[in-house]
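Engineer: First, the structure itself, so that you have it in front of you.
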Amino acid sequence: YLKDHTGAAARWRRSPGTIPKGYPEMKTSHDSIFEHNGFATDRLIPDYDNRAAFDGVLRRAVMFITSAQLYDEELYKRFSALFGTCADDPNRGWRCEYWGKLMRGACFVCAYTRDERLYSILEGSVRDLLARRDDEGRITTYSKECEFSGWDMWGRKYVLLGLQYFSEICSDEALLADIRTAMCRHADYIMKHVGPCGIPINETSGNWLGINSMSILEPFVRLYNLTGEKKYLDYAAYIVGVGESGAAPIFALAEKDELDPCEYPVTKAYEMMSCFEGLAEYYRVTGEEKYRRALINFGRRVLETEVSVIGCCGCTHELFDHTSLTQTDDDFVGIMQETCVSVTLMKLASQLLRLTADPAYADVIEQSFFNAYLGSLNTHRVMSVVKGNDKYPELRGFLPFDSYSPLRYGTRGQKIGGLMRFYDENGEGHFYGCCACIGAAGAGIIPRIAAMRSQDGICLSFWLPGTVRCLTPAGNLMKFEIEGNYPIGGDVTVTVHAGTPERMTLSLRIPQWSRHTRVRVNGECIPAAPGYLDIRRVWRNGDRISLQLDESVYAVLPPDEKARGKYIALRRGCIVLAAYKRDIGDTPLVVRVDEEGRVIGASPSSSTNAPDAMFGMFLHNAGRHIYFIDYASAGKTYDEQHPFAAWVPGKIEN
């Protein structure tokens with residue numbers, strides 16, 4: 001499935017992200033990766049043709065998503081058929097997002113796997129969508145009478161993103177030209193009606209002070225990169241200006257750095273992070289230092305105040321709410337930790353990792369992926385039921401992703417995020433949700449940034465077994481073969497395959513959670529601490545690097561001191577452990593730890609209580625043997641009779 005791609009079709013020989021024949025040169029050229037219009041931008045640059053091929057949990061996730069969702073040709077047809085039907089007029093809904101969200105995630109996966117069957121499906125869907133343009137170039141689910149209200153601009157954003165990401169993998173020059181024409185006409189229509197001489201962009205939606213509409217910033221910058229037409233950059237500048245001075249001046253607030261995101265006038269996490277993703281693209285083009293400051297300030301405060309133990313944000317459904325504290329606050333109940341937020345957090349973190357080379361962003365990508373994200377995969381294929389009423393019949397169907405994740409005792413499958421009903425061309429009723437559409441993108445993030453170019457070398461951030469390739473500063477292709485059972489095991493071996501010896505710096509990420517790490521290069525010990533370990537030497541074919549990462553089980557205390565003595569979490573490496581209430585009972589745990597916080601009495605288990613679990617562990621506690629499994633595998637049956645938790649009632653005892 002993840003084969004060596006050297007014999008793949010011609011379409012894959014062009015690096016995703018490079019310019020198709022006949023397109024103007026991109027403003028962010030890979031040929032000059034550190035200087036852009038005379039100033040420095042990113043610290044790390046993805047090599048989108050690195051041809052990563054991972055095994056283990058990532059491979060299993062990609063295979064599940066591809067078979068359960070991305071191969072479903074009828075799904076794409078149902079989504080594209082919504083355009084031109086005014087499907088969102090009655091309730092100003094967001095059905096308009098479904099096609100572009102799914103297409104973007106599918107393109108992430110397809111660029112990684114080079115799957116010809118998937119590519120054929122995506123190409124067919126793009127052609128189907130393009131056939132649904134109206135005479136003015138509009139591609140929307142809103143009529144002219146209702147356009148630029150509700151979630152229309154949000155949906156138009158996803159049309160652009162879906163087409164843009166497909167253009168990165170498209171090899172048909174005629175189709176590429178048609179896509180470019182469609183995107184430009186689509187964008188030109190927006191600019192004609194929304195902007196300085198039309199409807200203010202933040203007034204095109206009555207939701208969240210318009211930041212959902214403002215998030216169209218990202219595809220407008222990308223459209224400028226693709227076409228070189230300044231009008232699209234000028235429009236992006238207009239949006240950024242609204243984000244500095246409008247009713248929700250999120251960019252200005254981030255630059256001032258006086259408030260946490262939960263204190264902004266609007267706190268919708270997914271939409272706000274999407275706006276900052278657009279600001280990152282805008283900064284790469286303009287290089288204005290204030291936007292770099294805003295991005296760094298915002299990212300730092302999100303990490304400090306909004307990331308839960310499983311790597312998501314928001315305990316008030318999908319809102320920033322100082323999650324580090326609210327995650328153990330019993331007043332916060334109900335749906336929380338939205339999958340859309342998990343994926344967008346990983347996407348934003350990947351932008352900030354490129355910008356800063358701060359390993360904290362790689363840490364949070366890993367934390368989110370191995371816990372919140374993998375936990376959202378509906379691998380047991382539990383069916384969803386949408387209750388009927390006098391107006392609508394009951395609907396049943398399978399969604400490949402769950403929308404929300406519990407932190408304290410709760411169950412999966414509580415609610416379908418972004419639920420919308422719709423009807424196909426035969427009048428048959430269907431439903432889908434926002435999280436189910438965005439989910440596939442989460443599987444494609446790590447492969448896109450697994451190996452990145454630094455100014456004087458290559459940076460490796462993730463230790464999943466497999467291979468990654470990346471160009472060196474001298475332009476040589478270097479391959480890294482990664483062996484081990486990460487993240488279950490902490491022993492990792494990296495073998496360098498280099499055709500030409502080269503002196504450069506190889507930066508290896510030592511995760512923040514690994515308190516005790518041993519690194520050897522060809523048997524020679526190298527001192528290592530959490531962060532990026534920079535090793536500068538002449539790298540030759542056959543060089544071997546071994547990492548021994550800390551595999552101990554540690555107790556995690558709540559950031560909120562008021563919750564200490566009430567709740568406790570356990571982790572092993574980047575994996576958060578979960579327990580079922582049926583196994584713990586009503587007696588809070590008393591967890592014994594040593595002076596460094598390592599749990600005493602924890603032992604790995606191959607118990608069949610959860611045969612599909614990544615990792616199992618028995619905690620020997622006060623004469624009891626309590627079974628824990630990795631959070632991502634817990635609760636997959638959506639069984640309301642057996643709630644589970646990452647934060648379990650308990651305290652530590654030294």
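Following the order of the structure tokens, first chain is A, next is B, and so on, with residues numbered from 1 inside each chain and ligands from 1 in the order they appear.
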Would you mind listing, for every residue of segment 293-356 of chain A within 10 Å of segment 369-391 of chain A, the two atoms forming the shortest contact and the distance between them in Å to one decimal, using only C-alpha atoms, sorted by chain and ascending residue number, as JSON lines?

Structural biologist:
```
{"residue": "A:Ser308", "atom": "CA", "partner": "A:Ala372", "partner_atom": "CA", "distance": 9.5}
{"residue": "A:Val309", "atom": "CA", "partner": "A:Asn371", "partner_atom": "CA", "distance": 8.8}
{"residue": "A:Ile310", "atom": "CA", "partner": "A:Asn371", "partner_atom": "CA", "distance": 5.2}
{"residue": "A:Gly311", "atom": "CA", "partner": "A:Ala372", "partner_atom": "CA", "distance": 6.0}
{"residue": "A:Cys312", "atom": "CA", "partner": "A:Ala372", "partner_atom": "CA", "distance": 6.5}
{"residue": "A:Gln337", "atom": "CA", "partner": "A:Ala372", "partner_atom": "CA", "distance": 7.9}
{"residue": "A:Glu338", "atom": "CA", "partner": "A:Ala372", "partner_atom": "CA", "distance": 8.9}
{"residue": "A:Thr339", "atom": "CA", "partner": "A:Tyr373", "partner_atom": "CA", "distance": 6.8}
{"residue": "A:Cys340", "atom": "CA", "partner": "A:Tyr373", "partner_atom": "CA", "distance": 9.5}
{"residue": "A:Val341", "atom": "CA", "partner": "A:Tyr373", "partner_atom": "CA", "distance": 9.8}
{"residue": "A:Ser342", "atom": "CA", "partner": "A:Tyr373", "partner_atom": "CA", "distance": 6.4}
{"residue": "A:Val343", "atom": "CA", "partner": "A:Tyr373", "partner_atom": "CA", "distance": 7.2}
{"residue": "A:Met346", "atom": "CA", "partner": "A:Phe369", "partner_atom": "CA", "distance": 7.8}
```

Engineer: Mind running segment 500-582 of chain A against segment 318-336 of chain A at 7 Å and telling me each contacting residue's nearest atom pair with the distance in Å (one decimal), counting only C-alpha atoms, chain and number ascending, as JSON lines?

Structural biologist:
```
{"residue": "A:Pro558", "atom": "CA", "partner": "A:Thr328", "partner_atom": "CA", "distance": 6.9}
{"residue": "A:Pro559", "atom": "CA", "partner": "A:Ser324", "partner_atom": "CA", "distance": 6.1}
{"residue": "A:Asp560", "atom": "CA", "partner": "A:Leu325", "partner_atom": "CA", "distance": 5.1}
{"residue": "A:Ala563", "atom": "CA", "partner": "A:Thr328", "partner_atom": "CA", "distance": 6.3}
```

Engineer: Can you write out the residues you just picked, keeping C-alpha atoms, as an mmCIF file, in the first residue's frame?

Structural biologist:
```cif
data_model
loop_
_atom_site.group_PDB
_atom_site.id
_atom_site.type_symbol
_atom_site.label_atom_id
_atom_site.label_comp_id
_atom_site.auth_asym_id
_atom_site.auth_seq_id
_atom_site.Cartn_x
_atom_site.Cartn_y
_atom_site.Cartn_z
ATOM 1 C CA PRO A 558 -3.879 19.033 36.578
ATOM 2 C CA PRO A 559 -2.568 22.513 35.694
ATOM 3 C CA ASP A 560 -5.355 23.847 37.921
ATOM 4 C CA ALA A 563 -8.058 20.058 40.948
#
```

Engineer: Write down as a ChimeraX atom specification the residues belonging to segment 402-552 of chain A that are assigned alpha helix (DSSP H) by DSSP computed on the backbone.

Structural biologist: /A:434-443,445-449

Engineer: For those residues, write C-alpha atoms to a file as an mmCIF file, in the first residue's frame.

Structural biologist:
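The resulting file, selection_31.cif, is reproduced below:
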```cif
data_model
loop_
_atom_site.group_PDB
_atom_site.id
_atom_site.type_symbol
_atom_site.label_atom_id
_atom_site.label_comp_id
_atom_site.auth_asym_id
_atom_site.auth_seq_id
_atom_site.Cartn_x
_atom_site.Cartn_y
_atom_site.Cartn_z
ATOM 1 C CA CYS A 434 -18.076 19.053 9.717
ATOM 2 C CA CYS A 435 -15.722 16.798 11.685
ATOM 3 C CA ALA A 436 -16.350 13.863 9.380
ATOM 4 C CA CYS A 437 -15.301 16.061 6.450
ATOM 5 C CA ILE A 438 -12.177 17.600 7.950
ATOM 6 C CA GLY A 439 -10.876 14.397 9.513
ATOM 7 C CA ALA A 440 -8.834 13.042 6.591
ATOM 8 C CA ALA A 441 -6.586 16.109 6.621
ATOM 9 C CA GLY A 442 -5.299 15.104 10.049
ATOM 10 C CA ALA A 443 -3.704 11.957 8.644
ATOM 11 C CA ILE A 445 -0.104 16.510 8.322
ATOM 12 C CA ILE A 446 2.823 14.514 9.732
ATOM 13 C CA PRO A 447 3.939 13.190 6.320
ATOM 14 C CA ARG A 448 4.042 16.749 4.971
ATOM 15 C CA ILE A 449 6.466 17.954 7.661
#
```

Engineer: As a PyMOL selection string, which residues of segment 404-441 of chain A does DSSP assign to strand (DSSP E)?

Structural biologist: chain A and resi 420-423+429-432

Engineer: Which polymer residues have any atom within 8 Å of an atom of segment 534-536 of chain A, counting only C-alpha atoms, with same-chain residues fewer than 5 positions away left out, as a list in words?

Structural biologist: Arg503, Met504, Thr505, Leu506, Ser507 and Leu508 of chain A

Engineer: Considering only C-alpha atoms, can you say which of A:Pro393, A:Pro588, A:Pro46, A:Gly56 comes closest to Glu483 of chain A?

Structural biologist: A:Gly56

Engineer: When you look at segment 137-148 of chain A with a cut-off of 9 Å (counting only C-alpha atoms), what residues show up, excluding the ones that are within fewer than 3 positions of it in the same chain? I need them as a PyMOL selection string.

Structural biologist: chain A and resi 82-89+92+94-96+129-130+132-134+151-153+155-156+159+182-190+193-194+199+201+203-205

Engineer: Between atom CA of Pro359 of chain A and atom CA of Phe462 of chain A, what is the spacing in Å?

Structural biologist: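 Result for atom CA of Phe462 of chain A versus atom CA of Pro359 of chain A: 10.7 Å, one decimal.
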
Engineer: Can you tell me which residues surround Arg408 of chain A at a distance of at most 7 Å, considering only C-alpha atoms, apart from same-chain residues fewer than 6 positions away, and format the answer as a PDB file with N, CA, C and O atoms, in the first residue's frame?

Structural biologist:
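Final file, around_5.pdb:
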```pdb
ATOM      1  N   ALA A 645     -12.278   7.690  30.897  1.00  0.00           N
ATOM      2  CA  ALA A 645     -11.723   9.014  31.171  1.00  0.00           C
ATOM      3  C   ALA A 645     -10.219   9.020  30.993  1.00  0.00           C
ATOM      4  O   ALA A 645      -9.540   8.007  31.198  1.00  0.00           O
ATOM      5  N   ALA A 646      -9.701  10.187  30.610  1.00  0.00           N
ATOM      6  CA  ALA A 646      -8.265  10.453  30.674  1.00  0.00           C
ATOM      7  C   ALA A 646      -7.909  10.998  32.053  1.00  0.00           C
ATOM      8  O   ALA A 646      -6.906  10.609  32.654  1.00  0.00           O
ATOM      9  N   TRP A 647      -8.747  11.924  32.536  1.00  0.00           N
ATOM     10  CA  TRP A 647      -8.596  12.427  33.911  1.00  0.00           C
ATOM     11  C   TRP A 647      -9.467  11.560  34.814  1.00  0.00           C
ATOM     12  O   TRP A 647     -10.698  11.634  34.765  1.00  0.00           O
ATOM     13  N   VAL A 648      -8.849  10.730  35.634  1.00  0.00           N
ATOM     14  CA  VAL A 648      -9.602   9.846  36.522  1.00  0.00           C
ATOM     15  C   VAL A 648      -9.525  10.379  37.945  1.00  0.00           C
ATOM     16  O   VAL A 648      -8.556  11.047  38.327  1.00  0.00           O
TER      17      VAL A 648
END
```

Engineer: Tell me, as a VMD selection string, which residues lie within 8 Å of Arg598 of chain A, counting only C-alpha atoms; anything in the same chain fewer than 2 positions away does not count.

Structural biologist: chain A and resid 552 to 555 593 to 596 600

Engineer: Of the candidates A:Asn654, A:Gln164, A:Gln351, A:Asn485, which one gets nearest to Leu176 of chain A if we count only C-alpha atoms?

Structural biologist: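 Closest residue, counting only C-alpha atoms: A:Gln164.
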
Engineer: Find the residue from A:Val242, A:Leu471, A:Ala613, A:Met214 that sits nearest to Trp154 of chain A; use only C-alpha atoms when measuring.

Structural biologist: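 Of A:Val242, A:Leu471, A:Ala613, A:Met214, the one nearest Trp154 of chain A, counting only C-alpha atoms, is A:Met214.
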
Engineer: Could you pull the residues within 9 Å of segment 528-533 of chain A, counting only C-alpha atoms, minus those fewer than 2 positions along the same chain, as a list in words?

Structural biologist: Ala357, Asp358, Pro359, Ala360, Cys459, Leu460, Ser461, Leu506, Ser507, Leu508, Arg509, Ile510, Pro511, Gln512, Trp513, Ser514, Arg515, His516, Thr517, Arg518, Val519, Ile526 and Ile535 of chain A

Engineer: Kindly save the residues from that selection, with N, CA, C and O atoms included, as a compact mmCIF listing (two decimals), in the first residue's frame.

Structural biologist:
```
# COMPACT_ATOMS: atom_id res chain seq x y z
N ALA A 357 10.71 26.87 14.12
CA ALA A 357 11.53 25.71 14.48
C ALA A 357 11.47 25.43 15.98
O ALA A 357 12.39 24.85 16.56
N ASP A 358 10.38 25.83 16.61
CA ASP A 358 10.17 25.56 18.04
C ASP A 358 9.61 24.15 18.19
O ASP A 358 8.51 23.86 17.71
N PRO A 359 10.35 23.25 18.85
CA PRO A 359 9.88 21.85 18.94
C PRO A 359 8.57 21.70 19.71
O PRO A 359 7.93 20.64 19.62
N ALA A 360 8.16 22.72 20.46
CA ALA A 360 6.89 22.62 21.18
C ALA A 360 5.73 22.38 20.22
O ALA A 360 4.74 21.73 20.58
N CYS A 459 15.86 18.63 9.25
CA CYS A 459 15.23 18.48 10.57
C CYS A 459 14.25 17.31 10.53
O CYS A 459 13.35 17.27 9.68
N LEU A 460 14.43 16.35 11.44
CA LEU A 460 13.53 15.22 11.60
C LEU A 460 12.77 15.37 12.90
O LEU A 460 13.38 15.49 13.96
N SER A 461 11.44 15.34 12.83
CA SER A 461 10.63 15.65 14.01
C SER A 461 9.81 14.49 14.55
O SER A 461 9.33 14.56 15.68
N LEU A 506 22.12 17.74 11.12
CA LEU A 506 20.91 16.94 11.23
C LEU A 506 20.30 17.24 12.59
O LEU A 506 20.93 17.02 13.63
N SER A 507 19.09 17.78 12.57
CA SER A 507 18.39 18.16 13.81
C SER A 507 17.37 17.08 14.15
O SER A 507 16.49 16.77 13.34
N LEU A 508 17.50 16.52 15.34
CA LEU A 508 16.64 15.43 15.79
C LEU A 508 15.78 15.92 16.94
O LEU A 508 16.29 16.44 17.93
N ARG A 509 14.48 15.74 16.82
CA ARG A 509 13.61 16.19 17.91
C ARG A 509 13.61 15.19 19.06
O ARG A 509 13.29 14.01 18.89
N ILE A 510 13.99 15.67 20.23
CA ILE A 510 13.86 14.92 21.47
C ILE A 510 12.59 15.42 22.15
O ILE A 510 12.51 16.58 22.55
N PRO A 511 11.54 14.59 22.23
CA PRO A 511 10.26 15.08 22.76
C PRO A 511 10.39 15.64 24.18
O PRO A 511 11.21 15.17 24.99
N GLN A 512 9.57 16.62 24.47
CA GLN A 512 9.58 17.24 25.79
C GLN A 512 9.27 16.24 26.89
O GLN A 512 9.78 16.34 28.01
N TRP A 513 8.47 15.23 26.57
CA TRP A 513 8.08 14.26 27.59
C TRP A 513 9.20 13.27 27.92
O TRP A 513 9.12 12.57 28.93
N SER A 514 10.25 13.19 27.09
CA SER A 514 11.32 12.22 27.33
C SER A 514 12.35 12.81 28.29
O SER A 514 13.27 13.52 27.89
N ARG A 515 12.17 12.52 29.56
CA ARG A 515 13.04 13.12 30.58
C ARG A 515 14.43 12.49 30.57
O ARG A 515 15.40 13.11 31.00
N HIS A 516 14.52 11.24 30.13
CA HIS A 516 15.80 10.55 30.09
C HIS A 516 15.97 9.98 28.69
O HIS A 516 15.24 9.07 28.29
N THR A 517 16.91 10.50 27.95
CA THR A 517 17.10 10.12 26.55
C THR A 517 18.57 9.79 26.30
O THR A 517 19.47 10.49 26.78
N ARG A 518 18.80 8.72 25.56
CA ARG A 518 20.15 8.38 25.13
C ARG A 518 20.20 8.42 23.61
O ARG A 518 19.33 7.86 22.94
N VAL A 519 21.21 9.07 23.09
CA VAL A 519 21.40 9.16 21.64
C VAL A 519 22.81 8.69 21.32
O VAL A 519 23.78 9.09 21.99
N ILE A 526 25.93 10.79 22.44
CA ILE A 526 25.76 12.22 22.24
C ILE A 526 24.85 12.74 23.35
O ILE A 526 23.74 12.22 23.52
N ILE A 535 23.19 17.93 15.30
CA ILE A 535 24.44 17.18 15.14
C ILE A 535 25.03 17.56 13.78
O ILE A 535 24.46 17.23 12.73
```

Engineer: So, with only C-alpha atoms as the atoms that count, which of A:Thr113, A:Ile216, A:Thr41, A:Thr467 lies closest to Glu289 of chain A?

Structural biologist: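 Looking at the shortest contact to Glu289 of chain A, the residue is A:Thr41.
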
Engineer: Just how far from atom CA of Ser80 of chain A is atom CA of Gly444 of chain A, in Å to one decimal?

Structural biologist: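 Rounded to one decimal, the two atoms are 22.6 Å apart.
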
Engineer: Counting only C-alpha atoms, which of A:Gly650, A:Asp543, A:Arg180, A:Tyr392 gets nearest to Phe422 of chain A?

Structural biologist: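 Smallest distance to Phe422 of chain A is found for A:Tyr392.
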
Engineer: Check the smallest atom-to-atom distance from each of A:Ala569, A:Tyr580, A:Gly243, A:Gly623 to Gly601 of chain A using only C-alpha atoms, then report the winner.

Structural biologist: A:Gly623
